[in-house]
file my_file-v4.cif (mmCIF, C-alpha atoms)
data_target
loop_
_atom_site.label_atom_id
_atom_site.label_comp_id
_atom_site.auth_asym_id
_atom_site.auth_seq_id
_atom_site.Cartn_x
_atom_site.Cartn_y
_atom_site.Cartn_z
CA MET Y 36 0.00 0.00 0.00
CA ARG Y 37 1.26 3.43 -0.89
CA ARG Y 38 2.26 5.75 1.93
CA ASP Y 39 0.86 9.26 1.48
CA THR Y 40 2.35 10.81 4.60
CA ALA Y 41 5.95 11.08 5.75
CA GLU Y 42 6.91 8.70 8.54
CA ASN Y 43 7.07 10.43 11.92
CA PRO Y 44 6.90 7.98 14.86
CA PRO Y 45 6.90 10.62 17.67
CA LEU Y 46 4.00 12.46 16.06
CA ALA Y 47 2.24 9.15 15.42
CA ALA Y 48 2.52 8.23 19.10
CA ALA Y 49 1.20 11.65 20.15
CA LEU Y 50 -1.77 11.35 17.78
CA ILE Y 51 -2.66 7.85 18.97
CA LEU Y 52 -2.46 8.98 22.60
CA ALA Y 53 -4.72 11.92 21.75
CA ALA Y 54 -7.15 9.49 20.11
CA THR Y 55 -7.24 7.37 23.29
CA THR Y 56 -8.18 10.40 25.40
CA PHE Y 57 -11.06 11.13 23.04
CA ILE Y 58 -12.19 7.50 22.89
CA ALA Y 59 -12.25 7.24 26.68
CA GLY Y 60 -14.15 10.53 26.71
CA THR Y 61 -16.90 8.99 24.58
CA THR Y 62 -17.44 6.25 27.15
CA LEU Y 63 -17.61 8.86 29.92
CA MET Y 64 -20.28 10.81 27.99
CA ALA Y 65 -22.18 7.57 27.33
CA LYS Y 66 -22.15 6.70 31.03
CA ALA Y 67 -23.38 10.17 31.99
CA LEU Y 68 -26.20 9.87 29.44
CA GLY Y 69 -27.10 6.32 30.46
CA THR Y 70 -27.41 7.18 34.17
CA ASP Y 71 -29.42 9.89 35.93
CA LEU Y 72 -26.49 12.30 36.12
CA LEU Y 73 -27.90 14.65 33.44
CA GLY Y 74 -31.59 13.84 33.75
CA GLU Y 75 -33.73 10.81 33.00
CA PRO Y 76 -31.36 8.16 31.54
CA LEU Y 77 -31.38 7.85 27.77
CA HIS Y 78 -31.74 4.48 26.05
CA PRO Y 79 -28.47 3.10 24.58
CA LEU Y 80 -30.06 3.28 21.12
CA GLN Y 81 -30.55 7.02 21.56
CA ILE Y 82 -27.00 7.47 22.81
CA SER Y 83 -25.55 5.69 19.78
CA HIS Y 84 -27.86 7.76 17.55
CA GLY Y 85 -26.37 10.93 19.02
CA ARG Y 86 -22.88 9.56 18.46
CA PHE Y 87 -23.51 9.01 14.74
CA LEU Y 88 -25.55 12.20 14.25
CA PHE Y 89 -22.95 14.62 15.59
CA ALA Y 90 -19.95 12.67 14.27
CA PHE Y 91 -21.50 12.70 10.80
CA MET Y 92 -22.06 16.45 11.03
CA ALA Y 93 -18.43 17.02 12.05
CA ILE Y 94 -16.98 14.75 9.34
CA SER Y 95 -19.30 16.20 6.68
CA THR Y 96 -17.99 19.65 7.57
CA ALA Y 97 -14.44 18.38 7.04
CA VAL Y 98 -15.46 16.90 3.67
CA LEU Y 99 -16.99 20.20 2.57
CA VAL Y 100 -13.85 22.09 3.55
CA LEU Y 101 -11.28 19.64 2.17
CA ARG Y 102 -13.31 18.57 -0.88
CA PRO Y 103 -11.56 15.21 -1.34
CA ARG Y 104 -12.11 13.10 -4.43
CA PHE Y 105 -14.23 10.05 -3.58
CA SER Y 106 -14.25 6.79 -5.52
CA ARG Y 107 -17.21 4.47 -5.91
CA PRO Y 108 -17.88 2.89 -2.47
CA HIS Y 109 -18.21 -0.85 -2.03
CA TRP Y 110 -21.66 -0.63 -0.45
CA GLY Y 111 -21.84 -4.27 0.57
CA TYR Y 112 -18.71 -4.07 2.69
CA HIS Y 113 -19.71 -0.69 4.09
CA ILE Y 114 -23.18 -1.88 5.11
CA GLY Y 115 -21.79 -4.99 6.79
CA ARG Y 116 -19.05 -3.06 8.57
CA THR Y 117 -21.36 -0.27 9.73
CA SER Y 118 -24.14 -2.60 10.89
CA PHE Y 119 -21.81 -4.51 13.17
CA GLY Y 120 -20.03 -1.32 14.23
CA TRP Y 121 -23.33 0.30 15.22
CA ALA Y 122 -24.36 -2.81 17.17
CA GLY Y 123 -20.99 -2.95 18.95
CA VAL Y 124 -21.08 0.72 19.92
CA THR Y 125 -24.65 0.40 21.21
CA LEU Y 126 -23.77 -2.61 23.37
CA MET Y 127 -20.69 -0.81 24.66
CA PHE Y 128 -22.70 2.26 25.60
CA ALA Y 129 -25.28 0.05 27.31
CA SER Y 130 -22.62 -1.69 29.40
CA VAL Y 131 -20.92 1.44 30.75
CA ALA Y 132 -24.11 2.54 32.50
CA TYR Y 133 -23.82 -0.48 34.82
CA ILE Y 134 -20.17 -1.44 35.18
CA PRO Y 135 -16.96 0.59 35.61
CA LEU Y 136 -15.59 2.21 32.47
CA ALA Y 137 -12.27 0.44 32.93
CA ASP Y 138 -13.94 -2.99 33.04
CA ALA Y 139 -16.05 -2.33 29.93
CA THR Y 140 -13.06 -0.89 28.08
CA ALA Y 141 -10.84 -3.83 28.99
CA ILE Y 142 -13.43 -6.38 27.87
CA THR Y 143 -13.86 -4.69 24.49
CA PHE Y 144 -10.11 -5.09 23.92
CA LEU Y 145 -11.08 -8.70 23.17
CA ASN Y 146 -12.44 -7.71 19.77
CA PRO Y 147 -9.20 -8.63 17.94
CA VAL Y 148 -9.39 -12.05 19.51
CA PHE Y 149 -12.91 -12.54 18.17
CA GLY Y 150 -11.78 -11.07 14.86
CA MET Y 151 -8.95 -13.60 14.72
CA LEU Y 152 -11.27 -16.50 15.49
CA LEU Y 153 -13.87 -15.37 12.96
CA ALA Y 154 -11.21 -14.89 10.28
CA ILE Y 155 -10.60 -18.66 10.31
CA PRO Y 156 -13.99 -19.66 8.81
CA LEU Y 157 -14.81 -16.35 7.08
CA LEU Y 158 -11.45 -15.45 5.53
CA GLY Y 159 -9.67 -18.78 5.53
CA GLU Y 160 -6.83 -17.50 7.69
CA ARG Y 161 -4.53 -19.89 9.52
CA VAL Y 162 -3.85 -19.37 13.21
CA GLY Y 163 -0.61 -20.57 14.76
CA PRO Y 164 0.20 -21.45 18.38
CA TRP Y 165 1.32 -17.93 19.30
CA ARG Y 166 -1.99 -16.42 18.25
CA TRP Y 167 -3.98 -19.16 19.97
CA GLY Y 168 -1.94 -18.62 23.12
CA ALA Y 169 -2.56 -14.87 23.02
CA ALA Y 170 -6.29 -15.47 22.57
CA LEU Y 171 -6.42 -17.81 25.57
CA ILE Y 172 -4.55 -15.30 27.73
CA ALA Y 173 -6.98 -12.51 26.81
CA LEU Y 174 -10.05 -14.70 27.31
CA THR Y 175 -8.76 -15.69 30.74
CA GLY Y 176 -8.63 -12.02 31.67
CA ALA Y 177 -12.20 -11.58 30.43
CA MET Y 178 -13.40 -14.44 32.61
CA ILE Y 179 -11.82 -12.74 35.61
CA LEU Y 180 -13.57 -9.45 34.80
CA LEU Y 181 -16.90 -11.25 34.43
CA ARG Y 182 -16.51 -12.40 38.07
CA PRO Y 183 -18.30 -15.70 37.36
CA THR Y 184 -19.46 -16.48 40.89
CA PRO Y 185 -23.03 -16.20 42.21
CA ALA Y 186 -22.01 -13.43 44.61
CA SER Y 187 -20.03 -11.22 42.24
CA PHE Y 188 -21.18 -11.99 38.67
CA GLN Y 189 -21.81 -8.83 36.63
CA PRO Y 190 -24.52 -9.56 34.03
CA ALA Y 191 -23.91 -6.16 32.39
CA ALA Y 192 -20.36 -7.27 31.62
CA LEU Y 193 -21.92 -9.63 29.07
CA LEU Y 194 -23.00 -6.53 27.14
CA ALA Y 195 -19.35 -5.47 26.84
CA LEU Y 196 -18.42 -9.03 25.87
CA GLY Y 197 -21.12 -8.96 23.21
CA ALA Y 198 -19.75 -5.62 21.99
CA ALA Y 199 -16.30 -7.17 21.60
CA ALA Y 200 -17.71 -10.12 19.66
CA VAL Y 201 -19.72 -7.90 17.31
CA MET Y 202 -16.75 -5.59 16.79
CA GLY Y 203 -14.76 -8.70 15.89
CA LEU Y 204 -17.23 -9.27 13.07
CA GLU Y 205 -16.80 -5.66 12.05
CA LEU Y 206 -13.07 -6.27 11.75
CA ILE Y 207 -13.73 -8.81 9.00
CA PHE Y 208 -15.36 -6.12 6.87
CA ILE Y 209 -12.70 -3.55 7.74
CA LYS Y 210 -10.10 -6.02 6.45
CA LYS Y 211 -11.97 -6.20 3.16
CA LEU Y 212 -12.25 -2.41 2.93
CA ALA Y 213 -8.63 -1.67 3.82
CA GLY Y 214 -6.78 -0.17 0.86
CA ARG Y 215 -9.83 -0.01 -1.39
CA GLU Y 216 -10.95 3.53 -0.55
CA ALA Y 217 -9.56 6.74 0.91
CA PRO Y 218 -9.66 6.98 4.71
CA LEU Y 219 -11.89 10.07 4.77
CA GLN Y 220 -14.31 8.40 2.38
CA ILE Y 221 -14.48 5.33 4.61
CA LEU Y 222 -15.17 7.57 7.62
CA TRP Y 223 -17.86 9.58 5.87
CA VAL Y 224 -19.69 6.58 4.44
CA ASN Y 225 -19.43 4.74 7.76
CA ASN Y 226 -20.98 7.60 9.69
CA LEU Y 227 -23.64 8.23 7.02
CA LEU Y 228 -24.81 4.61 7.08
CA GLY Y 229 -24.49 4.49 10.85
CA LEU Y 230 -26.74 7.54 11.14
CA VAL Y 231 -29.36 5.91 8.89
CA ILE Y 232 -29.34 2.68 10.92
CA ALA Y 233 -29.32 4.50 14.26
CA SER Y 234 -32.16 6.84 13.19
CA CYS Y 235 -34.39 3.89 12.34
CA ALA Y 236 -33.51 1.99 15.52
CA VAL Y 237 -34.05 4.93 17.88
CA LEU Y 238 -37.64 5.74 16.85
CA PRO Y 239 -39.40 3.39 19.35
CA VAL Y 240 -37.36 4.63 22.32
CA TRP Y 241 -36.85 8.31 21.48
CA GLN Y 242 -37.32 10.82 24.29
CA MET Y 243 -36.59 14.52 24.29
CA PRO Y 244 -33.12 15.05 25.83
CA SER Y 245 -32.55 17.77 28.37
CA PRO Y 246 -30.28 20.67 27.35
CA ALA Y 247 -27.43 19.05 29.29
CA GLN Y 248 -28.04 15.77 27.49
CA TRP Y 249 -28.05 17.49 24.10
CA ALA Y 250 -24.68 18.99 24.98
CA ALA Y 251 -23.35 15.59 26.08
CA LEU Y 252 -24.62 13.94 22.88
CA ALA Y 253 -22.91 16.61 20.80
CA ALA Y 254 -19.71 16.17 22.82
CA LEU Y 255 -19.91 12.39 22.30
CA GLY Y 256 -20.14 12.74 18.53
CA LEU Y 257 -17.43 15.36 18.31
CA LEU Y 258 -15.09 13.37 20.54
CA MET Y 259 -15.56 10.34 18.30
CA ALA Y 260 -14.88 12.39 15.17
CA CYS Y 261 -11.71 13.81 16.76
CA ALA Y 262 -10.61 10.33 17.84
CA GLN Y 263 -11.06 8.99 14.31
CA ALA Y 264 -9.14 11.91 12.81
CA CYS Y 265 -6.23 11.48 15.23
CA PHE Y 266 -6.19 7.73 14.71
CA ILE Y 267 -6.12 7.97 10.92
CA ASN Y 268 -3.29 10.48 10.94
CA GLY Y 269 -1.36 8.53 13.57
CA MET Y 270 -1.61 5.27 11.66
CA ALA Y 271 -0.42 7.04 8.51
CA ARG Y 272 2.86 8.02 10.16
CA ALA Y 273 4.16 4.79 11.73
CA ASP Y 274 3.84 1.02 11.59
CA ALA Y 275 1.02 -0.65 13.48
CA SER Y 276 3.52 -2.58 15.61
CA PHE Y 277 4.93 0.74 16.86
CA VAL Y 278 1.65 2.49 17.68
CA ALA Y 279 -0.21 -0.52 19.14
CA PRO Y 280 1.13 -0.13 22.72
CA PHE Y 281 0.06 3.53 22.81
CA SER Y 282 -3.52 2.58 21.96
CA TYR Y 283 -3.82 0.66 25.24
CA ALA Y 284 -3.76 4.00 27.08
CA THR Y 285 -7.52 4.08 26.44
CA LEU Y 286 -7.90 1.87 29.49
CA VAL Y 287 -5.89 4.26 31.66
CA PHE Y 288 -7.91 7.28 30.60
CA ALA Y 289 -11.21 5.41 31.02
CA ALA Y 290 -10.29 4.54 34.61
CA LEU Y 291 -9.17 8.12 35.25
CA TYR Y 292 -12.36 9.64 33.84
CA ASP Y 293 -14.50 7.17 35.79
CA PHE Y 294 -12.73 8.18 39.01
CA LEU Y 295 -13.02 11.92 38.31
CA GLY Y 296 -16.61 11.75 37.10
CA PHE Y 297 -18.14 9.05 39.27
CA GLY Y 298 -15.61 8.37 42.03
CA ALA Y 299 -15.09 4.78 40.81
CA VAL Y 300 -11.85 3.13 41.91
CA PRO Y 301 -10.82 -0.12 40.14
CA ASP Y 302 -10.56 -3.03 42.57
CA ALA Y 303 -7.91 -5.74 42.51
CA ILE Y 304 -10.01 -8.03 40.30
CA SER Y 305 -10.52 -5.26 37.73
CA VAL Y 306 -6.80 -4.48 37.63
CA LEU Y 307 -5.84 -8.17 37.35
CA GLY Y 308 -8.37 -8.94 34.61
CA ALA Y 309 -7.47 -5.83 32.61
CA CYS Y 310 -3.73 -6.56 32.83
CA ILE Y 311 -4.25 -10.13 31.60
CA ILE Y 312 -6.40 -8.99 28.67
CA LEU Y 313 -3.85 -6.36 27.70
CA ALA Y 314 -1.08 -8.93 27.98
CA GLY Y 315 -2.89 -11.20 25.54
CA ALA Y 316 -3.59 -8.30 23.16
CA ALA Y 317 0.05 -7.20 23.37
CA VAL Y 318 1.32 -10.70 22.57
CA LEU Y 319 -1.04 -10.86 19.60
CA ALA Y 320 0.10 -7.44 18.32
CA TRP Y 321 3.78 -8.35 18.86
CA ARG Y 322 3.40 -11.61 16.98
CA GLU Y 323 1.60 -9.95 14.08
CA GLY Y 324 4.35 -7.31 13.91
CA ARG Y 325 6.98 -10.03 13.54
CA VAL Y 326 5.25 -12.16 10.94
CA ARG Y 327 3.65 -9.46 8.78
CA PRO Y 328 5.35 -6.91 6.54
CA PRO Y 329 4.81 -3.23 7.42
CA ALA Y 330 2.20 -2.72 4.77
CA GLY Y 331 -1.08 -0.94 5.43
CA ARG Y 332 -1.55 1.94 7.79
CA ALA Y 333 -4.04 4.67 7.11
CA ALA Y 334 -6.40 2.62 4.98
CA ALA Y 335 -7.86 1.17 8.11
CA ALA Y 336 -9.58 4.42 8.82
CA GLY Y 337 -12.77 4.90 10.71
CA LYS Y 338 -12.72 2.12 13.25
CA GLU Y 339 -14.73 2.32 16.44
CA PRO Y 340 -13.16 2.16 19.86
CA HIS Y 341 -10.79 -0.51 20.85
CA ARG Y 342 -9.82 -2.49 17.78
CA THR Y 343 -6.51 -4.20 18.32
CA ALA Y 344 -5.09 -6.66 15.96
CA ALA Y 345 -4.27 -7.70 12.77
CA SER Y 346 -3.09 -9.04 9.63
CA GLU Y 347 -1.30 -8.09 6.53
CA LYS Y 348 -4.29 -6.53 4.83
CA ASP Y 349 -6.40 -5.47 7.74
CA ILE Y 350 -6.51 -2.65 10.10
CA PRO Y 351 -3.49 -2.37 12.27
CA ALA Y 352 -3.66 -1.82 15.98
CA THR Y 353 -6.37 -0.18 17.99
CA GLY Y 354 -8.49 2.69 16.97
CA PRO Y 355 -11.82 4.42 16.79
#

call {"tool": "encode", "arguments": {"input": "my_file-v4.cif", "output": "structure tokens"}}
result
Amino acid sequence: MRRDTAENPPLAAALILAATTFIAGTTLMAKALGTDLLGEPLHPLQISHGRFLFAFMAISTAVLVLRPRFSRPHWGYHIGRTSFGWAGVTLMFASVAYIPLADATAITFLNPVFGMLLAIPLLGERVGPWRWGAALIALTGAMILLRPTPASFQPAALLALGAAAVMGLELIFIKKLAGREAPLQILWVNNLLGLVIASCAVLPVWQMPSPAQWAALAALGLLMACAQACFINGMARADASFVAPFSYATLVFAALYDFLGFGAVPDAISVLGACIILAGAAVLAWREGRVRPPAGRAAAAGKEPHRTAASEKDIPATGP
């Protein structure tokens, strides 16, 4: 794949770190909207609708200003990718209303594991012992975060686990899109289709947001648009194997925001489970960096929060 931007690893790291602050900010806004902090809680479908509405407005503004040349979109891939992306975001937003942001964020870092497993039957990929080992490590961490005992089991954590699984399916379509279209085009089409899907889904549960909730919905969409922009530009300036570790800072910022906004302090189980998941994701990213050539970067544009993984022709590390 052709590189359109000069390599600049320090700037790439700074952009990916900026993206993680924005991504964690979206989960904070979603939690505020899904609880009674800003008024009567909004349904997760309405929160995800706000995310796509305001992100689409922001990205459309960028398109009008930059006036890029778009090619003919592959609508089948876009519809598949956006449908699963919308479902994953909605499940993620539903989970953060009930469990700590750090726990939900850590669990969704499993999406590359699900993407790897799904790539076996759907893409015909072969998985070696290193990748299987990394998957087992990450899944062990998820089991710890689920707290599978009658006294401590968190049913809402299954929503985050479902989000990771659905985002894994989204990765399959992102792999197919990578390199076919310009990053800004992928972002714009993704948010356009996401807005259409979210607008249809929200109709049965729509309620008039309070002024504070409108502001939070707008902030949610703008934060996501900023995260995507930073991620695209960061991935264009360094190899995925270099930027992957910086993307894990999302978990740190999610825990920090949860503490500042809701006074939540991660307990020992949360810290242990998150560390094990990140260890598995790191092993997977390290292995991919060794066995794959440094090919694609920016073509993986427009991913939702917490994608980590990949292969030669798919999206690189983690991103929005």

call {"tool": "residues_around", "arguments": {"input": "my_file-v4.cif", "residues": "region 95-106 of chain Y", "least_positions_apart": "2", "cutoff": "7 Å", "atoms": "all atoms listed in the file", "output": "list in words"}}
result
Phe91, Met92, Ala93, Pro108, Glu216, Gln220 and Trp223 of chain Y

call {"tool": "atom_distance", "arguments": {"input": "my_file-v4.cif", "atom1": "CA of Val201 (chain Y)", "atom2": "CA of Ala129 (chain Y)"}}
result
13.9 Å

call {"tool": "atom_distance", "arguments": {"input": "my_file-v4.cif", "atom1": "CA of Val240 (chain Y)", "atom2": "CA of Ala192 (chain Y)"}}
result
22.7 Å

call {"tool": "residues_around", "arguments": {"input": "my_file-v4.cif", "residues": "Ser83 (chain Y)", "least_positions_apart": "4", "cutoff": "10 Å", "atoms": "all atoms listed in the file", "output": "list in words"}}
result
Ala65, His78, Pro79, Phe87, Leu88, Trp121, Ala122, Gly123, Val124, Thr125, Leu126, Met127, Phe128, Ala129, Gly229, Leu230, Ala233, Ser234, Ala236, Val237, Leu252, Leu255 and Gly256 of chain Y

call {"tool": "residues_around", "arguments": {"input": "my_file-v4.cif", "residues": "Leu52 (chain Y)", "least_positions_apart": "6", "cutoff": "10 Å", "atoms": "all atoms listed in the file", "output": "list in words"}}
result
Leu46, Ile58, Ala262, Cys265, Phe266, Gly269, Val278, Pro280, Phe281, Ser282, Tyr283, Ala284, Thr285 and Phe288 of chain Y

call {"tool": "closest_residue", "arguments": {"input": "my_file-v4.cif", "among": "Y:Ala213, Y:Ile207, Y:Cys310, Y:Leu181", "to": "Ile155 (chain Y)", "atoms": "only C-alpha atoms"}}
result
Y:Ile207

call {"tool": "closest_residue", "arguments": {"input": "my_file-v4.cif", "among": "Y:Phe149, Y:Trp249, Y:Trp241, Y:Tyr112", "to": "Leu68 (chain Y)", "atoms": "all atoms listed in the file"}}
result
Y:Trp249

call {"tool": "residues_around", "arguments": {"input": "my_file-v4.cif", "residues": "Cys261 (chain Y)", "least_positions_apart": "5", "cutoff": "12 Å", "atoms": "only C-alpha atoms", "output": "ChimeraX atom specification"}}
result
/Y:50-61,89-91,93-94,97,222,254-256,266-268,337,339,354-355

call {"tool": "residues_around", "arguments": {"input": "my_file-v4.cif", "residues": "Pro76 (chain Y)", "least_positions_apart": "5", "cutoff": "12 Å", "atoms": "all atoms listed in the file", "output": "JSON, numbers by chain"}}
result
{"Y": [64, 65, 66, 67, 68, 69, 70, 71, 81, 82, 129, 132, 133, 240, 241, 242, 243, 244, 245, 247, 248]}
